[in-house]
Structures are given as structure tokens and as C-alpha cells.
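Trainee: Just protein_15.csv, nothing more (CSV, N, CA and C atoms):
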```csv
chain,number,residue,atom,x,y,z
P,1,MET,N,0.8,-1.2,0.0
P,1,MET,CA,0.0,0.0,0.0
P,1,MET,C,0.9,1.2,0.0
P,2,THR,N,0.3,2.4,-0.3
P,2,THR,CA,1.1,3.6,-0.3
P,2,THR,C,0.6,4.5,0.8
P,3,LEU,N,1.4,5.5,1.1
P,3,LEU,CA,1.2,6.4,2.2
P,3,LEU,C,-0.1,7.1,2.2
P,4,ASP,N,-0.6,7.5,1.0
P,4,ASP,CA,-1.8,8.2,0.8
P,4,ASP,C,-3.0,7.4,1.3
P,5,ALA,N,-2.9,6.1,1.4
P,5,ALA,CA,-4.0,5.2,1.7
P,5,ALA,C,-4.3,5.1,3.2
P,6,LEU,N,-3.3,5.6,4.0
P,6,LEU,CA,-3.5,5.6,5.5
P,6,LEU,C,-4.5,6.6,5.9
P,7,LYS,N,-5.2,6.3,7.0
P,7,LYS,CA,-6.2,7.2,7.6
P,7,LYS,C,-5.5,7.9,8.8
P,8,ILE,N,-6.2,9.0,9.2
P,8,ILE,CA,-5.7,9.8,10.3
P,8,ILE,C,-5.5,8.9,11.6
P,9,GLY,N,-4.3,9.0,12.2
P,9,GLY,CA,-3.9,8.2,13.3
P,9,GLY,C,-3.3,6.8,13.1
P,10,GLU,N,-3.3,6.4,11.8
P,10,GLU,CA,-2.7,5.1,11.5
P,10,GLU,C,-1.2,5.2,11.4
P,11,THR,N,-0.5,4.2,11.8
P,11,THR,CA,1.0,4.1,11.8
P,11,THR,C,1.4,3.1,10.8
P,12,ALA,N,2.5,3.3,10.1
P,12,ALA,CA,3.1,2.4,9.2
P,12,ALA,C,4.6,2.6,9.1
P,13,THR,N,5.2,1.6,8.5
P,13,THR,CA,6.7,1.6,8.3
P,13,THR,C,6.9,1.8,6.8
P,14,ILE,N,7.8,2.7,6.4
P,14,ILE,CA,8.1,2.9,5.0
P,14,ILE,C,8.9,1.7,4.5
P,15,THR,N,8.5,1.2,3.4
P,15,THR,CA,9.2,0.0,2.8
P,15,THR,C,10.0,0.4,1.5
P,16,ALA,N,9.5,1.4,0.8
P,16,ALA,CA,10.2,1.8,-0.4
P,16,ALA,C,9.8,3.3,-0.8
P,17,VAL,N,10.8,4.0,-1.4
P,17,VAL,CA,10.5,5.4,-1.8
P,17,VAL,C,10.7,5.4,-3.3
P,18,GLY,N,9.6,5.7,-4.0
P,18,GLY,CA,9.6,5.8,-5.4
P,18,GLY,C,9.9,7.2,-5.9
P,19,GLY,N,9.5,7.5,-7.1
P,19,GLY,CA,9.8,8.8,-7.7
P,19,GLY,C,11.1,8.8,-8.5
P,20,GLU,N,11.4,9.8,-9.2
P,20,GLU,CA,12.6,9.9,-10.0
P,20,GLU,C,13.4,11.2,-9.7
P,21,GLY,N,14.7,11.1,-9.9
P,21,GLY,CA,15.5,12.3,-9.8
P,21,GLY,C,15.4,13.2,-8.6
P,22,PRO,N,15.2,14.5,-8.8
P,22,PRO,CA,15.2,15.4,-7.7
P,22,PRO,C,14.0,15.1,-6.7
P,23,LEU,N,12.9,14.7,-7.1
P,23,LEU,CA,11.8,14.4,-6.2
P,23,LEU,C,12.2,13.3,-5.2
P,24,ARG,N,12.7,12.2,-5.7
P,24,ARG,CA,13.1,11.1,-4.8
P,24,ARG,C,14.2,11.6,-3.9
P,25,LEU,N,15.2,12.3,-4.4
P,25,LEU,CA,16.3,12.8,-3.5
P,25,LEU,C,15.7,13.7,-2.4
P,26,ARG,N,14.7,14.5,-2.8
P,26,ARG,CA,14.1,15.5,-1.8
P,26,ARG,C,13.4,14.7,-0.7
P,27,LEU,N,12.6,13.7,-1.1
P,27,LEU,CA,11.9,12.8,-0.1
P,27,LEU,C,12.9,12.2,0.8
P,28,LEU,N,14.0,11.6,0.3
P,28,LEU,CA,15.0,11.0,1.1
P,28,LEU,C,15.7,12.0,2.1
P,29,ASP,N,16.0,13.2,1.6
P,29,ASP,CA,16.6,14.3,2.4
P,29,ASP,C,15.7,14.7,3.5
P,30,MET,N,14.4,14.6,3.3
P,30,MET,CA,13.4,15.0,4.4
P,30,MET,C,13.2,13.9,5.4
P,31,GLY,N,14.0,12.8,5.3
P,31,GLY,CA,13.9,11.7,6.3
P,31,GLY,C,12.9,10.6,5.9
P,32,ILE,N,12.3,10.7,4.7
P,32,ILE,CA,11.4,9.6,4.3
P,32,ILE,C,12.3,8.5,3.6
P,33,ILE,N,12.7,7.6,4.5
P,33,ILE,CA,13.6,6.5,4.0
P,33,ILE,C,13.0,5.2,4.5
P,34,PRO,N,13.4,4.1,3.9
P,34,PRO,CA,12.9,2.8,4.3
P,34,PRO,C,13.2,2.5,5.8
P,35,LYS,N,12.3,1.8,6.4
P,35,LYS,CA,12.3,1.3,7.8
P,35,LYS,C,12.0,2.5,8.8
P,36,THR,N,11.5,3.6,8.3
P,36,THR,CA,11.1,4.7,9.1
P,36,THR,C,9.6,4.6,9.4
P,37,LYS,N,9.3,4.8,10.7
P,37,LYS,CA,7.9,4.7,11.1
P,37,LYS,C,7.2,6.1,10.9
P,38,VAL,N,6.0,6.1,10.3
P,38,VAL,CA,5.3,7.3,10.1
P,38,VAL,C,3.9,7.2,10.6
P,39,MET,N,3.3,8.3,10.9
P,39,MET,CA,1.9,8.4,11.3
P,39,MET,C,1.2,9.5,10.7
P,40,VAL,N,0.0,9.3,10.2
P,40,VAL,CA,-0.7,10.4,9.5
P,40,VAL,C,-1.4,11.2,10.6
P,41,ARG,N,-1.1,12.5,10.7
P,41,ARG,CA,-1.6,13.4,11.7
P,41,ARG,C,-2.8,14.1,11.3
P,42,LYS,N,-2.8,14.7,10.1
P,42,LYS,CA,-3.9,15.5,9.6
P,42,LYS,C,-4.1,15.3,8.1
P,43,VAL,N,-5.3,15.6,7.6
P,43,VAL,CA,-5.5,15.7,6.2
P,43,VAL,C,-6.3,16.9,5.9
P,44,ALA,N,-5.9,17.7,4.9
P,44,ALA,CA,-6.6,19.0,4.6
P,44,ALA,C,-8.0,18.7,4.2
P,45,PRO,N,-8.9,19.7,4.4
P,45,PRO,CA,-10.3,19.5,4.2
P,45,PRO,C,-10.6,18.9,2.8
P,46,MET,N,-9.9,19.3,1.8
P,46,MET,CA,-10.1,18.8,0.4
P,46,MET,C,-9.3,17.5,0.1
P,47,GLY,N,-8.6,17.0,1.1
P,47,GLY,CA,-7.8,15.8,1.0
P,47,GLY,C,-6.4,16.0,0.6
P,48,ASP,N,-5.9,17.2,0.3
P,48,ASP,CA,-4.5,17.4,-0.2
P,48,ASP,C,-4.1,18.7,0.4
P,49,PRO,N,-3.0,18.8,1.1
P,49,PRO,CA,-2.0,17.9,1.4
P,49,PRO,C,-2.3,17.1,2.7
P,50,ILE,N,-1.4,16.2,3.0
P,50,ILE,CA,-1.5,15.4,4.3
P,50,ILE,C,-0.3,15.7,5.2
P,51,GLU,N,-0.5,15.7,6.5
P,51,GLU,CA,0.5,15.9,7.4
P,51,GLU,C,0.9,14.6,8.1
P,52,ILE,N,2.2,14.3,8.1
P,52,ILE,CA,2.7,13.1,8.7
P,52,ILE,C,3.6,13.4,9.8
P,53,HIS,N,3.8,12.5,10.7
P,53,HIS,CA,4.7,12.6,11.8
P,53,HIS,C,5.8,11.5,11.7
P,54,LEU,N,7.0,11.9,11.6
P,54,LEU,CA,8.1,11.0,11.5
P,54,LEU,C,9.4,11.5,12.1
P,55,ARG,N,10.2,10.7,12.7
P,55,ARG,CA,11.5,11.1,13.3
P,55,ARG,C,11.4,12.3,14.2
P,56,GLY,N,10.2,12.5,14.9
P,56,GLY,CA,10.1,13.5,15.9
P,56,GLY,C,9.6,14.9,15.3
P,57,TYR,N,9.2,14.9,14.1
P,57,TYR,CA,8.7,16.2,13.5
P,57,TYR,C,7.5,15.9,12.6
P,58,GLU,N,6.8,17.0,12.3
P,58,GLU,CA,5.7,16.9,11.4
P,58,GLU,C,6.1,17.4,10.0
P,59,LEU,N,5.6,16.7,9.0
P,59,LEU,CA,6.0,17.1,7.6
P,59,LEU,C,4.7,17.0,6.8
P,60,THR,N,4.5,18.0,6.0
P,60,THR,CA,3.3,18.1,5.1
P,60,THR,C,3.7,17.8,3.7
P,61,ILE,N,3.1,16.8,3.0
P,61,ILE,CA,3.4,16.5,1.7
P,61,ILE,C,2.1,16.4,0.8
P,62,ARG,N,2.3,16.5,-0.5
P,62,ARG,CA,1.2,16.4,-1.4
P,62,ARG,C,0.8,14.9,-1.5
P,63,VAL,N,-0.4,14.7,-1.9
P,63,VAL,CA,-0.9,13.3,-2.0
P,63,VAL,C,-0.2,12.7,-3.2
P,64,ASP,N,0.1,13.4,-4.3
P,64,ASP,CA,0.8,12.8,-5.4
P,64,ASP,C,2.1,12.3,-5.0
P,65,ASP,N,2.8,13.0,-4.1
P,65,ASP,CA,4.1,12.5,-3.6
P,65,ASP,C,3.9,11.3,-2.6
P,66,ALA,N,2.9,11.3,-1.8
P,66,ALA,CA,2.6,10.2,-0.9
P,66,ALA,C,2.3,8.9,-1.6
P,67,LYS,N,1.7,9.0,-2.9
P,67,LYS,CA,1.5,7.9,-3.7
P,67,LYS,C,2.7,7.2,-4.1
P,68,LYS,N,3.9,7.8,-4.0
P,68,LYS,CA,5.1,7.2,-4.5
P,68,LYS,C,5.9,6.6,-3.3
P,69,ILE,N,5.3,6.6,-2.1
P,69,ILE,CA,5.9,6.1,-0.9
P,69,ILE,C,5.2,4.8,-0.5
P,70,GLU,N,5.8,3.7,-0.6
P,70,GLU,CA,5.2,2.4,-0.2
P,70,GLU,C,5.4,2.2,1.3
P,71,VAL,N,4.3,1.8,2.0
P,71,VAL,CA,4.4,1.5,3.4
P,71,VAL,C,3.7,0.2,3.8
P,72,GLU,N,4.1,-0.3,4.9
P,72,GLU,CA,3.4,-1.5,5.5
P,72,GLU,C,2.8,-1.1,6.8
P,73,ARG,N,1.5,-1.3,6.9
P,73,ARG,CA,0.7,-0.9,8.1
P,73,ARG,C,1.2,-1.7,9.3
P,74,GLU,N,1.2,-1.0,10.4
P,74,GLU,CA,1.6,-1.7,11.7
P,74,GLU,C,0.5,-2.7,12.0
P,75,GLU,N,0.9,-3.8,12.7
P,75,GLU,CA,0.0,-4.9,13.0
P,75,GLU,C,-1.1,-4.5,13.9
P,76,ALA,N,-0.9,-3.6,14.9
P,76,ALA,CA,-2.0,-3.1,15.8
P,76,ALA,C,-3.0,-2.4,15.0
P,77,ASP,N,-2.7,-1.8,13.9
P,77,ASP,CA,-3.7,-1.0,13.1
P,77,ASP,C,-4.5,-1.8,12.1
P,78,LYS,N,-4.2,-3.0,11.9
P,78,LYS,CA,-4.9,-3.8,10.9
P,78,LYS,C,-6.3,-4.1,11.3
```
Written as C-alpha cells, that's how I'd like the structure from this file.
Mentor:
Amino acid sequence: MTLDALKIGETATITAVGGEGPLRLRLLDMGIIPKTKVMVRKVAPMGDPIEIHLRGYELTIRVDDAKKIEVEREEADK
């Protein structure tokens, strides 16, 4: 599944970061790397962007970018 499919409050672990060139490098630079735990904190009223919590800080990303981040939902959230 991808990051955009998570609901508010759900936690997952990043398994792969897609995208190409500068976009992928930017995601990696922001700490979105495999084996990192993330939680969806907020979703904008129209559904884009979404705010995630990872590595002790909040990050807001576009849904199009979240679709390029593969995650595995935590067992407790299934």
C-alpha cells in the first residue's frame, strides 16, 4: 500500500521510496527513508496535502508525492 491510503492516526513503516531524480532525493533528504515509522496526523479538508509525523517532527506532503511512498501498516492498526 502507499502512504496516501493511510487514515488519520494510523501508523506504518516505510518500505520503499519511489519517484525519480530530484523528487526522490528530496523525499530522502526529508527523512522519508525505508524502515522509518510514520503516522498520519492530519488531512486537509479537500484531501490534499496530508501531514505526517516521522522522526520527531511533522511534515506536510502532497498526495501525489505520498502515492510514491510504499508503506506497510503496523500490526496493531490492521
Trainee: Check the DSSP output for the backbone and give back, as a ChimeraX atom specification, the residues of chain P in strand (DSSP E or B).
Mentor: /P:2,11-17,37-43,50-54,57-61,69-73
Trainee: Just want the 7 Å neighbourhood of region 19-27 of chain P, counted on only N, CA and C atoms, with same-chain residues fewer than 6 positions away dropped. Output as an mmCIF file with N, CA and C atoms, in the frame of the given file.
Mentor:
```cif
data_model
loop_
_atom_site.group_PDB
_atom_site.id
_atom_site.type_symbol
_atom_site.label_atom_id
_atom_site.label_comp_id
_atom_site.auth_asym_id
_atom_site.auth_seq_id
_atom_site.Cartn_x
_atom_site.Cartn_y
_atom_site.Cartn_z
ATOM 1 N N ILE P 33 12.700 7.600 4.500
ATOM 2 C CA ILE P 33 13.600 6.500 4.000
ATOM 3 C C ILE P 33 13.000 5.200 4.500
ATOM 4 N N LYS P 68 3.900 7.800 -4.000
ATOM 5 C CA LYS P 68 5.100 7.200 -4.500
ATOM 6 C C LYS P 68 5.900 6.600 -3.300
ATOM 7 N N ILE P 69 5.300 6.600 -2.100
ATOM 8 C CA ILE P 69 5.900 6.100 -0.900
ATOM 9 C C ILE P 69 5.200 4.800 -0.500
#
```
Trainee: Near Lys37 (chain P), within 6.5 Å and counting all atoms listed in the file, which residues show up once chain neighbours fewer than 4 positions away are dropped, as number ranges by chain?
Mentor: P: 12-14, 53-55
Trainee: Counting all atoms listed in the file, what is within 6.5 Å of Arg41 (chain P), bar same-chain residues fewer than 5 positions away, as a ChimeraX atom specification?
Mentor: /P:8-9,50-53
Trainee: Tell me, in Å to one decimal, how far atom N of Met1 (chain P) is from atom N of Leu59 (chain P).
Mentor: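 Going from atom N of Met1 (chain P) over to atom N of Leu59 (chain P), I get 20.6 Å.
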Trainee: As a list in words, list the residues of region 25-62 of chain P assigned to helix (DSSP H, G or I) by DSSP on the backbone atoms of this structure.
Mentor: Leu25, Arg26, Leu27, Leu28 and Asp29 of chain P
Trainee: Between CA of Val17 (chain P) and CA of Ala5 (chain P), measure the distance and give it in Å to one decimal.
Mentor: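 Taking CA of Val17 (chain P) as the start and CA of Ala5 (chain P) as the end point, the length is 14.9 Å.
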Trainee: Given the choices P:Ala44, P:Asp4, P:Ile32, P:Arg62, which gets closest to Ala16 (chain P) if the distance is worked out from all atoms listed in the file?
Mentor: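 Result for the nearest residue to Ala16 (chain P): P:Ile32.
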